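**Q** This is run.txt, which holds compact mmCIF, C-alpha atoms:
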# COMPACT_ATOMS: atom_id res chain seq x y z
CA MET A 5 -1.17 8.03 25.33
CA SER A 6 -0.97 11.56 26.77
CA ALA A 7 -0.68 14.67 24.62
CA PRO A 8 2.99 15.36 25.63
CA GLU A 9 3.96 11.77 24.74
CA ASP A 10 2.22 12.06 21.37
CA ALA A 11 4.09 15.31 20.70
CA SER A 12 7.39 13.73 21.71
CA PHE A 13 7.08 10.70 19.39
CA LEU A 14 5.85 12.87 16.53
CA GLN A 15 8.77 15.25 17.06
CA GLU A 16 11.13 12.27 16.86
CA ALA A 17 9.55 11.28 13.52
CA ILE A 18 9.97 14.85 12.22
CA GLU A 19 13.70 14.82 13.10
CA LEU A 20 14.03 11.47 11.33
CA ALA A 21 12.36 12.85 8.17
CA VAL A 22 14.70 15.86 8.11
CA GLU A 23 17.69 13.54 8.49
CA ASN A 24 16.35 11.26 5.73
CA VAL A 25 16.32 14.18 3.29
CA GLU A 26 19.68 15.60 4.35
CA SER A 27 21.43 12.25 4.07
CA GLY A 28 20.00 11.67 0.58
CA LEU A 29 18.04 8.56 1.55
CA GLY A 30 14.67 9.62 0.14
CA GLY A 31 11.67 11.92 0.46
CA PRO A 32 10.66 14.14 3.42
CA PHE A 33 8.63 11.59 5.34
CA ALA A 34 9.18 9.38 8.40
CA ALA A 35 7.05 7.22 10.68
CA LEU A 36 7.36 5.35 13.98
CA VAL A 37 5.40 2.37 15.31
CA VAL A 38 5.05 2.65 19.08
CA GLU A 39 3.97 -0.16 21.41
CA ASP A 40 3.70 0.22 25.20
CA GLU A 41 5.24 3.71 25.04
CA SER A 42 8.42 2.55 23.32
CA VAL A 43 9.45 2.63 19.67
CA LEU A 44 9.02 -0.80 18.07
CA ALA A 45 10.30 0.29 14.64
CA GLU A 46 10.90 3.33 12.47
CA GLY A 47 10.66 3.90 8.74
CA THR A 48 11.50 6.64 6.28
CA ASN A 49 10.62 7.21 2.65
CA ARG A 50 13.02 5.23 0.43
CA VAL A 51 11.15 5.26 -2.91
CA THR A 52 13.99 6.52 -5.08
CA THR A 53 16.93 4.96 -3.24
CA VAL A 54 15.61 1.39 -3.00
CA GLN A 55 13.62 1.82 -6.23
CA ASP A 56 10.33 0.80 -4.70
CA PRO A 57 7.24 2.99 -5.19
CA THR A 58 5.64 1.35 -2.13
CA ALA A 59 8.52 2.35 0.17
CA HIS A 60 6.60 5.18 1.83
CA ALA A 61 7.58 5.88 5.44
CA GLU A 62 4.43 4.30 6.90
CA ILE A 63 4.77 1.08 4.84
CA THR A 64 8.47 0.85 5.69
CA ALA A 65 7.72 1.32 9.41
CA ILE A 66 4.82 -1.19 9.38
CA ARG A 67 7.00 -3.83 7.68
CA ALA A 68 9.85 -3.27 10.13
CA ALA A 69 7.50 -3.38 13.14
CA CYS A 70 5.90 -6.66 11.97
CA LYS A 71 9.35 -8.18 11.51
CA GLU A 72 10.35 -7.00 15.00
CA ARG A 73 7.17 -8.37 16.53
CA GLY A 74 7.12 -11.59 14.49
CA ASP A 75 3.49 -10.98 13.58
CA PHE A 76 1.46 -9.80 10.58
CA GLU A 77 -0.68 -7.56 12.77
CA LEU A 78 0.09 -4.53 14.93
CA ASN A 79 -2.91 -4.33 17.22
CA GLY A 80 -2.13 -2.33 20.36
CA CYS A 81 0.30 -0.09 18.45
CA THR A 82 0.18 3.58 17.42
CA LEU A 83 1.67 4.91 14.18
CA TYR A 84 3.29 8.35 14.31
CA SER A 85 3.72 9.80 10.83
CA THR A 86 5.12 13.15 9.73
CA CYS A 87 2.30 13.40 7.19
CA GLU A 88 -1.31 12.33 6.77
CA PRO A 89 -1.24 8.88 5.11
CA CYS A 90 -1.89 8.53 1.37
CA PRO A 91 -4.57 6.01 0.26
CA MET A 92 -1.95 3.24 -0.09
CA CYS A 93 -0.66 3.78 3.45
CA LEU A 94 -4.19 4.19 4.80
CA GLY A 95 -5.01 0.75 3.40
CA ALA A 96 -1.85 -0.69 4.97
CA ILE A 97 -2.82 0.82 8.35
CA TYR A 98 -6.15 -1.05 8.27
CA TRP A 99 -4.60 -4.33 7.11
CA ALA A 100 -2.01 -4.03 9.91
CA GLY A 101 -4.79 -3.41 12.44
CA LEU A 102 -3.06 -0.51 14.17
CA ASP A 103 -4.96 1.11 17.07
CA ARG A 104 -4.38 4.74 16.23
CA VAL A 105 -2.50 7.18 13.98
CA VAL A 106 -1.03 10.57 14.91
CA TYR A 107 0.26 12.73 12.03
CA ALA A 108 1.73 16.21 11.58
CA ALA A 109 1.40 17.63 8.02
CA THR A 110 -2.02 17.37 6.37
CA HIS A 111 -2.44 16.15 2.82
CA THR A 112 -3.01 19.78 1.80
CA ASP A 113 0.43 20.63 3.24
CA ALA A 114 1.88 17.70 1.26
CA THR A 115 0.24 18.89 -1.97
CA GLU A 116 1.69 22.37 -1.46
CA ALA A 117 5.13 20.78 -1.00
CA GLY A 118 4.77 18.92 -4.33
CA PHE A 119 3.48 15.57 -3.05
CA ASP A 120 -0.05 15.32 -4.38
CA ASP A 121 -2.20 12.31 -3.49
CA GLU A 122 -5.57 14.02 -3.95
CA HIS A 123 -5.85 12.58 -7.49
CA ILE A 124 -5.66 9.04 -6.04
CA TYR A 125 -8.53 9.75 -3.64
CA GLN A 126 -10.53 11.01 -6.63
CA GLU A 127 -9.71 7.90 -8.68
CA ILE A 128 -10.96 5.57 -5.93
CA ASP A 129 -14.49 6.97 -6.29
CA LYS A 130 -14.64 6.25 -10.05
CA ALA A 131 -15.85 3.03 -11.69
CA PRO A 132 -12.79 0.80 -12.36
CA ASP A 133 -12.98 1.10 -16.17
CA GLU A 134 -13.32 4.89 -16.01
CA ARG A 135 -10.12 5.50 -14.06
CA ARG A 136 -7.08 7.27 -15.47
CA ILE A 137 -5.34 3.90 -15.14
CA PRO A 138 -8.14 1.76 -16.60
CA MET A 139 -9.00 -1.40 -14.67
CA GLU A 140 -10.80 -4.05 -16.70
CA GLN A 141 -12.52 -7.23 -15.51
CA ARG A 142 -11.97 -10.56 -17.38
CA LEU A 143 -12.42 -14.35 -16.84
CA LYS A 144 -15.38 -14.11 -14.48
CA GLU A 145 -15.77 -17.89 -14.10
CA GLU A 146 -12.07 -18.78 -13.69
CA ALA A 147 -11.79 -15.99 -11.10
CA HIS A 148 -13.28 -18.24 -8.40
CA ARG A 149 -10.65 -20.99 -8.65
CA PRO A 150 -8.13 -19.50 -6.16
CA PHE A 151 -10.94 -18.95 -3.62
CA GLU A 152 -12.11 -22.57 -4.07
CA ALA A 153 -8.54 -23.77 -3.52
CA TRP A 154 -8.46 -21.66 -0.34
CA ARG A 155 -11.69 -23.17 1.03
CA ASN A 156 -10.37 -26.66 0.29
CA TYR A 157 -6.96 -26.10 1.89
CA ASP A 158 -7.21 -27.41 5.44
CA ASP A 159 -3.99 -25.82 6.73
CA ARG A 160 -4.87 -22.27 5.68
CA VAL A 161 -3.82 -19.46 8.03
CA GLU A 162 -6.68 -16.92 8.08
CA TYR A 163 -5.78 -13.25 8.08
CA MET B 28 -2.82 -5.89 -25.78
CA SER B 29 -5.36 -8.13 -27.50
CA ALA B 30 -8.18 -9.88 -25.65
CA PRO B 31 -6.63 -13.39 -26.06
CA GLU B 32 -3.29 -12.14 -24.65
CA ASP B 33 -5.07 -10.52 -21.70
CA ALA B 34 -6.88 -13.80 -21.02
CA SER B 35 -3.66 -15.77 -21.27
CA PHE B 36 -1.71 -13.62 -18.75
CA LEU B 37 -4.68 -13.50 -16.38
CA GLN B 38 -5.03 -17.29 -16.63
CA GLU B 39 -1.34 -17.59 -15.72
CA ALA B 40 -1.95 -15.42 -12.63
CA ILE B 41 -4.92 -17.59 -11.61
CA GLU B 42 -2.78 -20.77 -11.82
CA LEU B 43 -0.12 -19.04 -9.71
CA ALA B 44 -2.71 -18.09 -7.05
CA VAL B 45 -3.98 -21.69 -6.85
CA GLU B 46 -0.39 -22.95 -6.48
CA ASN B 47 0.29 -20.31 -3.80
CA VAL B 48 -2.58 -21.65 -1.70
CA GLU B 49 -1.80 -25.33 -2.27
CA SER B 50 1.86 -24.91 -1.37
CA GLY B 51 0.97 -23.07 1.85
CA LEU B 52 2.68 -19.83 0.85
CA GLY B 53 -0.22 -17.48 1.54
CA GLY B 54 -3.65 -16.28 0.47
CA PRO B 55 -5.51 -16.94 -2.81
CA PHE B 56 -4.13 -14.05 -4.81
CA ALA B 57 -1.47 -13.59 -7.50
CA ALA B 58 -0.39 -10.85 -9.91
CA LEU B 59 1.92 -10.41 -12.90
CA VAL B 60 3.58 -7.27 -14.26
CA VAL B 61 3.84 -7.48 -18.05
CA GLU B 62 6.02 -5.27 -20.25
CA ASP B 63 6.22 -5.62 -24.05
CA GLU B 64 4.11 -8.78 -23.95
CA SER B 65 6.43 -10.64 -21.60
CA VAL B 66 6.28 -11.18 -17.83
CA LEU B 67 8.62 -8.79 -16.01
CA ALA B 68 7.77 -10.13 -12.53
CA GLU B 69 5.19 -12.08 -10.60
CA GLY B 70 3.93 -11.83 -7.05
CA THR B 71 1.67 -13.80 -4.75
CA ASN B 72 0.08 -13.04 -1.41
CA ARG B 73 2.59 -13.73 1.39
CA VAL B 74 0.99 -11.87 4.31
CA THR B 75 1.07 -14.70 6.83
CA THR B 76 4.25 -16.46 5.69
CA VAL B 77 6.56 -13.43 5.55
CA GLN B 78 4.58 -11.71 8.33
CA ASP B 79 3.95 -8.56 6.35
CA PRO B 80 0.39 -7.17 6.08
CA THR B 81 1.45 -5.23 2.96
CA ALA B 82 2.56 -8.38 1.11
CA HIS B 83 -0.50 -8.50 -1.13
CA ALA B 84 0.08 -10.05 -4.56
CA GLU B 85 -0.01 -6.72 -6.39
CA ILE B 86 2.46 -5.03 -4.02
CA THR B 87 4.78 -8.05 -4.16
CA ALA B 88 4.64 -8.04 -7.99
CA ILE B 89 5.18 -4.26 -8.23
CA ARG B 90 8.21 -4.43 -5.92
CA ALA B 91 9.71 -7.36 -7.86
CA ALA B 92 9.09 -5.64 -11.22
CA CYS B 93 10.76 -2.42 -10.04
CA LYS B 94 13.76 -4.40 -8.82
CA GLU B 95 13.93 -6.22 -12.18
CA ARG B 96 13.66 -2.96 -14.10
CA GLY B 97 15.95 -0.95 -11.80
CA ASP B 98 13.36 1.81 -11.62
CA PHE B 99 10.80 3.14 -9.17
CA GLU B 100 8.18 3.49 -11.91
CA LEU B 101 6.46 0.98 -14.17
CA ASN B 102 5.11 3.14 -16.97
CA GLY B 103 4.41 1.09 -20.09
CA CYS B 104 3.49 -1.98 -18.00
CA THR B 105 0.20 -3.79 -17.37
CA LEU B 106 -0.69 -5.45 -14.06
CA TYR B 107 -2.68 -8.69 -14.23
CA SER B 108 -4.27 -9.50 -10.89
CA THR B 109 -6.50 -12.40 -9.88
CA CYS B 110 -8.65 -9.95 -7.93
CA GLU B 111 -9.74 -6.32 -8.07
CA PRO B 112 -7.12 -4.34 -6.10
CA CYS B 113 -7.84 -3.24 -2.51
CA PRO B 114 -7.35 0.47 -1.66
CA MET B 115 -3.74 -0.15 -0.58
CA CYS B 116 -2.88 -1.85 -3.86
CA LEU B 117 -4.84 0.71 -5.86
CA GLY B 118 -2.67 3.43 -4.31
CA ALA B 119 0.48 1.45 -5.14
CA ILE B 120 -0.69 1.09 -8.77
CA TYR B 121 -0.91 4.88 -9.09
CA TRP B 122 2.42 5.50 -7.38
CA ALA B 123 4.03 2.92 -9.69
CA GLY B 124 2.51 4.65 -12.72
CA LEU B 125 1.30 1.46 -14.38
CA ASP B 126 -0.52 1.88 -17.72
CA ARG B 127 -3.37 -0.53 -17.14
CA VAL B 128 -4.81 -3.20 -14.83
CA VAL B 129 -6.69 -6.38 -15.80
CA TYR B 130 -8.31 -8.36 -12.97
CA ALA B 131 -10.50 -11.44 -12.59
CA ALA B 132 -12.47 -11.59 -9.31
CA THR B 133 -14.37 -8.48 -8.25
CA HIS B 134 -14.19 -7.10 -4.74
CA THR B 135 -17.71 -8.52 -4.18
CA ASP B 136 -16.34 -11.99 -5.07
CA ALA B 137 -13.49 -11.38 -2.59
CA THR B 138 -15.91 -10.36 0.16
CA GLU B 139 -17.96 -13.53 -0.41
CA ALA B 140 -14.73 -15.56 -0.09
CA GLY B 141 -13.96 -13.92 3.28
CA PHE B 142 -11.63 -11.13 2.11
CA ASP B 143 -13.51 -7.94 2.82
CA ASP B 144 -12.00 -4.59 1.85
CA GLU B 145 -15.28 -2.69 1.54
CA HIS B 146 -14.84 -1.34 5.09
CA ILE B 147 -11.57 0.32 4.04
CA TYR B 148 -13.25 2.08 1.11
CA GLN B 149 -15.87 3.35 3.58
CA GLU B 150 -13.22 4.57 6.03
CA ILE B 151 -11.46 6.62 3.33
CA ASP B 152 -14.55 8.81 2.94
CA LYS B 153 -14.69 9.69 6.65
CA ALA B 154 -12.94 12.61 8.35
CA PRO B 155 -9.60 11.37 9.77
CA ASP B 156 -10.62 11.73 13.43
CA GLU B 157 -13.94 9.91 12.85
CA ARG B 158 -12.40 6.74 11.45
CA ARG B 159 -12.51 3.37 13.20
CA ILE B 160 -8.73 3.74 13.51
CA PRO B 161 -8.69 7.38 14.65
CA MET B 162 -6.16 9.64 12.91
CA GLU B 163 -5.29 12.79 14.83
CA GLN B 164 -3.34 15.84 13.67
CA ARG B 165 -0.63 17.40 15.90
CA LEU B 166 2.39 19.81 15.68
CA LYS B 167 1.05 21.91 12.82
CA GLU B 168 4.04 24.26 12.75
CA GLU B 169 6.81 21.64 13.09
CA ALA B 170 5.09 19.63 10.33
CA HIS B 171 6.65 21.84 7.65
CA ARG B 172 10.28 21.18 8.62
CA PRO B 173 10.81 18.04 6.48
CA PHE B 174 9.33 19.83 3.43
CA GLU B 175 11.63 22.84 4.03
CA ALA B 176 14.61 20.48 4.24
CA TRP B 177 13.46 18.94 0.93
CA ARG B 178 13.25 22.32 -0.83
CA ASN B 179 16.72 23.22 0.46
CA TYR B 180 18.34 19.92 -0.55
CA ASP B 181 19.91 20.50 -3.96
CA ASP B 182 20.52 16.84 -4.81
CA ARG B 183 16.93 15.72 -4.28
CA VAL B 184 15.56 13.09 -6.66
CA GLU B 185 11.95 14.05 -7.47
CA TYR B 186 9.39 11.26 -7.65
Would you write the structure of this file as structure tokens?

**A**
Amino acid sequence: MSAPEDASFLQEAIELAVENVESGLGGPFAALVVEDESVLAEGTNRVTTVQDPTAHAEITAIRAACKERGDFELNGCTLYSTCEPCPMCLGAIYWAGLDRVVYAATHTDATEAGFDDEHIYQEIDKAPDERRIPMEQRLKEEAHRPFEAWRNYDDRVEY
Amino acid sequence: MSAPEDASFLQEAIELAVENVESGLGGPFAALVVEDESVLAEGTNRVTTVQDPTAHAEITAIRAACKERGDFELNGCTLYSTCEPCPMCLGAIYWAGLDRVVYAATHTDATEAGFDDEHIYQEIDKAPDERRIPMEQRLKEEAHRPFEAWRNYDDRVEY
């Protein structure tokens, strides 16, 4: 994709984010999934209005694009986001198998605007049981049963 | 929560994950959100069946629990997951403000079973433009417009 096309799609996402705020639909974030130089789907932040903490713009756009495409992967697509993805959205971008991401605001800009995800990046580097939200391991032996069921299930769809 | 109660809820999640595989609904993962010692919501992996790469068990359970509670936060709740959360789900756990996570399989167990998220943890530590899915920054000035709209919007709901 050329630089002017990148700027044009990103500008479209920025307009969408401004509209999202001004119409009371959620936070100041929007994203577009683009395939073959046309918009496959768009998404805006809807955390407070649909009461879903995972409804970040990127996740909303990825879900909508997969529905549109009838696929659980988005290879060949570019995500345009008004802001650098948080760790949750970064994970979603890898699971979706997008080709590329273009973003406008950095996570430092987001922190200055009151949307701080730096603490999550810091938590990732800690041992699970030392995190602010402690994560404890139990039932080590039983833990393997779902994976055994998966290996034994002949009709499994790998992903 | 006592150790026997933790084991009991985690055991319930493991059964749910086995059932999810055997009924062809998705991957070998399940999660429960528990509030006041009772199950608020459950979730299983549905990536391939609902065609949504974000439909991991933890995300599905968090979304269902928020819907049940009528809230975009889950403070006071514990998440029981059959597997250590991937970076996407870890982010969602922080955004949801859960109190605690108890999991069974480790991410090493998951990798051995063919579900590798280690590469995502490695990608997080790289500079955005050096990642396997390159992330490029554009429109530095325009980037601030959604945040300005947010500051100027009197009815904003902070999250």

**Q** What does chain B look like once superposed on chain A, all Cα atoms paired in sequence order, least squares? Give it as an mmCIF file with C-alpha atoms, keeping the file's coordinate frame.

**A**
data_model
loop_
_atom_site.group_PDB
_atom_site.id
_atom_site.type_symbol
_atom_site.label_atom_id
_atom_site.label_comp_id
_atom_site.auth_asym_id
_atom_site.auth_seq_id
_atom_site.Cartn_x
_atom_site.Cartn_y
_atom_site.Cartn_z
ATOM 1 C CA MET B 28 -1.161 8.050 25.322
ATOM 2 C CA SER B 29 -0.946 11.553 26.773
ATOM 3 C CA ALA B 30 -0.653 14.678 24.630
ATOM 4 C CA PRO B 31 3.008 15.355 25.644
ATOM 5 C CA GLU B 32 3.982 11.759 24.733
ATOM 6 C CA ASP B 33 2.219 12.065 21.373
ATOM 7 C CA ALA B 34 4.108 15.302 20.702
ATOM 8 C CA SER B 35 7.400 13.732 21.706
ATOM 9 C CA PHE B 36 7.090 10.691 19.376
ATOM 10 C CA LEU B 37 5.842 12.864 16.518
ATOM 11 C CA GLN B 38 8.761 15.258 17.065
ATOM 12 C CA GLU B 39 11.119 12.270 16.856
ATOM 13 C CA ALA B 40 9.542 11.289 13.512
ATOM 14 C CA ILE B 41 9.957 14.848 12.196
ATOM 15 C CA GLU B 42 13.691 14.835 13.087
ATOM 16 C CA LEU B 43 14.032 11.474 11.324
ATOM 17 C CA ALA B 44 12.346 12.848 8.169
ATOM 18 C CA VAL B 45 14.701 15.858 8.095
ATOM 19 C CA GLU B 46 17.708 13.532 8.489
ATOM 20 C CA ASN B 47 16.349 11.262 5.730
ATOM 21 C CA VAL B 48 16.318 14.178 3.294
ATOM 22 C CA GLU B 49 19.686 15.604 4.345
ATOM 23 C CA SER B 50 21.429 12.247 4.070
ATOM 24 C CA GLY B 51 20.000 11.667 0.582
ATOM 25 C CA LEU B 52 18.035 8.566 1.552
ATOM 26 C CA GLY B 53 14.674 9.619 0.137
ATOM 27 C CA GLY B 54 11.677 11.913 0.463
ATOM 28 C CA PRO B 55 10.663 14.136 3.410
ATOM 29 C CA PHE B 56 8.637 11.597 5.335
ATOM 30 C CA ALA B 57 9.183 9.394 8.396
ATOM 31 C CA ALA B 58 7.051 7.225 10.684
ATOM 32 C CA LEU B 59 7.376 5.353 13.979
ATOM 33 C CA VAL B 60 5.403 2.383 15.303
ATOM 34 C CA VAL B 61 5.044 2.646 19.081
ATOM 35 C CA GLU B 62 3.970 -0.165 21.409
ATOM 36 C CA ASP B 63 3.694 0.226 25.201
ATOM 37 C CA GLU B 64 5.222 3.702 25.033
ATOM 38 C CA SER B 65 8.408 2.569 23.321
ATOM 39 C CA VAL B 66 9.445 2.628 19.654
ATOM 40 C CA LEU B 67 9.017 -0.802 18.055
ATOM 41 C CA ALA B 68 10.297 0.305 14.625
ATOM 42 C CA GLU B 69 10.896 3.331 12.466
ATOM 43 C CA GLY B 70 10.652 3.900 8.741
ATOM 44 C CA THR B 71 11.502 6.636 6.278
ATOM 45 C CA ASN B 72 10.622 7.219 2.652
ATOM 46 C CA ARG B 73 13.016 5.243 0.420
ATOM 47 C CA VAL B 74 11.143 5.271 -2.902
ATOM 48 C CA THR B 75 13.982 6.515 -5.084
ATOM 49 C CA THR B 76 16.921 4.948 -3.235
ATOM 50 C CA VAL B 77 15.599 1.381 -2.981
ATOM 51 C CA GLN B 78 13.617 1.815 -6.220
ATOM 52 C CA ASP B 79 10.318 0.801 -4.695
ATOM 53 C CA PRO B 80 7.236 3.022 -5.194
ATOM 54 C CA THR B 81 5.632 1.377 -2.137
ATOM 55 C CA ALA B 82 8.507 2.361 0.174
ATOM 56 C CA HIS B 83 6.595 5.184 1.838
ATOM 57 C CA ALA B 84 7.581 5.882 5.450
ATOM 58 C CA GLU B 85 4.444 4.306 6.906
ATOM 59 C CA ILE B 86 4.764 1.100 4.859
ATOM 60 C CA THR B 87 8.472 0.842 5.697
ATOM 61 C CA ALA B 88 7.712 1.322 9.423
ATOM 62 C CA ILE B 89 4.815 -1.177 9.390
ATOM 63 C CA ARG B 90 6.965 -3.823 7.680
ATOM 64 C CA ALA B 91 9.847 -3.275 10.127
ATOM 65 C CA ALA B 92 7.497 -3.380 13.143
ATOM 66 C CA CYS B 93 5.913 -6.647 11.973
ATOM 67 C CA LYS B 94 9.357 -8.170 11.499
ATOM 68 C CA GLU B 95 10.364 -6.990 14.996
ATOM 69 C CA ARG B 96 7.174 -8.369 16.515
ATOM 70 C CA GLY B 97 7.120 -11.595 14.474
ATOM 71 C CA ASP B 98 3.492 -10.975 13.574
ATOM 72 C CA PHE B 99 1.469 -9.813 10.593
ATOM 73 C CA GLU B 100 -0.690 -7.566 12.780
ATOM 74 C CA LEU B 101 0.087 -4.543 14.930
ATOM 75 C CA ASN B 102 -2.915 -4.337 17.226
ATOM 76 C CA GLY B 103 -2.134 -2.331 20.356
ATOM 77 C CA CYS B 104 0.300 -0.084 18.441
ATOM 78 C CA THR B 105 0.178 3.581 17.416
ATOM 79 C CA LEU B 106 1.673 4.912 14.176
ATOM 80 C CA TYR B 107 3.283 8.358 14.303
ATOM 81 C CA SER B 108 3.708 9.802 10.828
ATOM 82 C CA THR B 109 5.118 13.148 9.723
ATOM 83 C CA CYS B 110 2.293 13.402 7.197
ATOM 84 C CA GLU B 111 -1.323 12.330 6.792
ATOM 85 C CA PRO B 112 -1.235 8.879 5.135
ATOM 86 C CA CYS B 113 -1.894 8.528 1.385
ATOM 87 C CA PRO B 114 -4.566 6.005 0.282
ATOM 88 C CA MET B 115 -1.954 3.242 -0.077
ATOM 89 C CA CYS B 116 -0.669 3.776 3.451
ATOM 90 C CA LEU B 117 -4.184 4.192 4.817
ATOM 91 C CA GLY B 118 -5.023 0.749 3.421
ATOM 92 C CA ALA B 119 -1.862 -0.702 4.982
ATOM 93 C CA ILE B 120 -2.823 0.816 8.365
ATOM 94 C CA TYR B 121 -6.144 -1.049 8.275
ATOM 95 C CA TRP B 122 -4.598 -4.319 7.130
ATOM 96 C CA ALA B 123 -2.014 -4.019 9.926
ATOM 97 C CA GLY B 124 -4.790 -3.414 12.458
ATOM 98 C CA LEU B 125 -3.073 -0.500 14.177
ATOM 99 C CA ASP B 126 -4.974 1.102 17.086
ATOM 100 C CA ARG B 127 -4.374 4.736 16.246
ATOM 101 C CA VAL B 128 -2.508 7.174 13.985
ATOM 102 C CA VAL B 129 -1.031 10.573 14.909
ATOM 103 C CA TYR B 130 0.260 12.733 12.040
ATOM 104 C CA ALA B 131 1.729 16.204 11.577
ATOM 105 C CA ALA B 132 1.394 17.608 8.030
ATOM 106 C CA THR B 133 -2.005 17.378 6.356
ATOM 107 C CA HIS B 134 -2.435 16.134 2.817
ATOM 108 C CA THR B 135 -3.015 19.783 1.783
ATOM 109 C CA ASP B 136 0.433 20.634 3.231
ATOM 110 C CA ALA B 137 1.870 17.693 1.247
ATOM 111 C CA THR B 138 0.232 18.880 -1.973
ATOM 112 C CA GLU B 139 1.682 22.376 -1.472
ATOM 113 C CA ALA B 140 5.130 20.776 -1.019
ATOM 114 C CA GLY B 141 4.771 18.912 -4.341
ATOM 115 C CA PHE B 142 3.476 15.559 -3.051
ATOM 116 C CA ASP B 143 -0.040 15.303 -4.386
ATOM 117 C CA ASP B 144 -2.197 12.305 -3.492
ATOM 118 C CA GLU B 145 -5.562 14.017 -3.951
ATOM 119 C CA HIS B 146 -5.823 12.570 -7.480
ATOM 120 C CA ILE B 147 -5.661 9.044 -6.033
ATOM 121 C CA TYR B 148 -8.528 9.756 -3.630
ATOM 122 C CA GLN B 149 -10.529 10.998 -6.635
ATOM 123 C CA GLU B 150 -9.710 7.892 -8.683
ATOM 124 C CA ILE B 151 -10.961 5.566 -5.924
ATOM 125 C CA ASP B 152 -14.481 6.969 -6.300
ATOM 126 C CA LYS B 153 -14.629 6.246 -10.043
ATOM 127 C CA ALA B 154 -15.830 3.027 -11.680
ATOM 128 C CA PRO B 155 -12.785 0.796 -12.361
ATOM 129 C CA ASP B 156 -12.975 1.094 -16.161
ATOM 130 C CA GLU B 157 -13.319 4.906 -16.005
ATOM 131 C CA ARG B 158 -10.120 5.500 -14.056
ATOM 132 C CA ARG B 159 -7.069 7.271 -15.465
ATOM 133 C CA ILE B 160 -5.326 3.899 -15.136
ATOM 134 C CA PRO B 161 -8.127 1.759 -16.595
ATOM 135 C CA MET B 162 -8.976 -1.414 -14.661
ATOM 136 C CA GLU B 163 -10.793 -4.049 -16.691
ATOM 137 C CA GLN B 164 -12.503 -7.230 -15.503
ATOM 138 C CA ARG B 165 -11.973 -10.551 -17.358
ATOM 139 C CA LEU B 166 -12.419 -14.360 -16.840
ATOM 140 C CA LYS B 167 -15.377 -14.124 -14.478
ATOM 141 C CA GLU B 168 -15.763 -17.890 -14.106
ATOM 142 C CA GLU B 169 -12.064 -18.786 -13.697
ATOM 143 C CA ALA B 170 -11.791 -15.990 -11.105
ATOM 144 C CA HIS B 171 -13.277 -18.240 -8.416
ATOM 145 C CA ARG B 172 -10.641 -20.986 -8.661
ATOM 146 C CA PRO B 173 -8.132 -19.499 -6.168
ATOM 147 C CA PHE B 174 -10.940 -18.958 -3.615
ATOM 148 C CA GLU B 175 -12.119 -22.577 -4.086
ATOM 149 C CA ALA B 176 -8.549 -23.778 -3.537
ATOM 150 C CA TRP B 177 -8.462 -21.660 -0.350
ATOM 151 C CA ARG B 178 -11.692 -23.170 1.012
ATOM 152 C CA ASN B 179 -10.380 -26.670 0.275
ATOM 153 C CA TYR B 180 -6.962 -26.108 1.869
ATOM 154 C CA ASP B 181 -7.218 -27.403 5.431
ATOM 155 C CA ASP B 182 -4.007 -25.820 6.724
ATOM 156 C CA ARG B 183 -4.878 -22.275 5.677
ATOM 157 C CA VAL B 184 -3.838 -19.466 8.019
ATOM 158 C CA GLU B 185 -6.685 -16.916 8.081
ATOM 159 C CA TYR B 186 -5.751 -13.242 8.073
#

**Q** Counting all atoms listed in the file, which residues of chain B come no farther than 6 Å from chain A, as a PyMOL selection string?

**A** chain B and resi 44-45+55+78-81+90+98-99+114-115+118-119+122-123+126-132+160-167+170+173-174

**Q** May I ask for the distance between CA of Phe36 in chain B and CA of Cys104 in chain B, given in Å to one decimal place?

**A**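 Interatomic distance, CA of Phe36 in chain B to CA of Cys104 in chain B: 12.8 Å.
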
**Q** Hey, can you check how far CA of Ala65 in chain A sits from CA of Pro8 in chain A?

**A**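 Separating CA of Ala65 in chain A from CA of Pro8 in chain A is a distance of 22.0 Å.
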
**Q** Just how far from CA of Glu85 in chain B is CA of Asn79 in chain A, in Å to one decimal?

**A**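 These two atoms are separated by 23.9 Å.
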
**Q** For Gly47 in chain A, which of A:Glu122, A:Ala35, A:His111, A:Gly80 is the closest residue, counting all atoms listed in the file?

**A**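 Of A:Glu122, A:Ala35, A:His111, A:Gly80, the one nearest Gly47 in chain A is A:Ala35, counting all atoms listed in the file.
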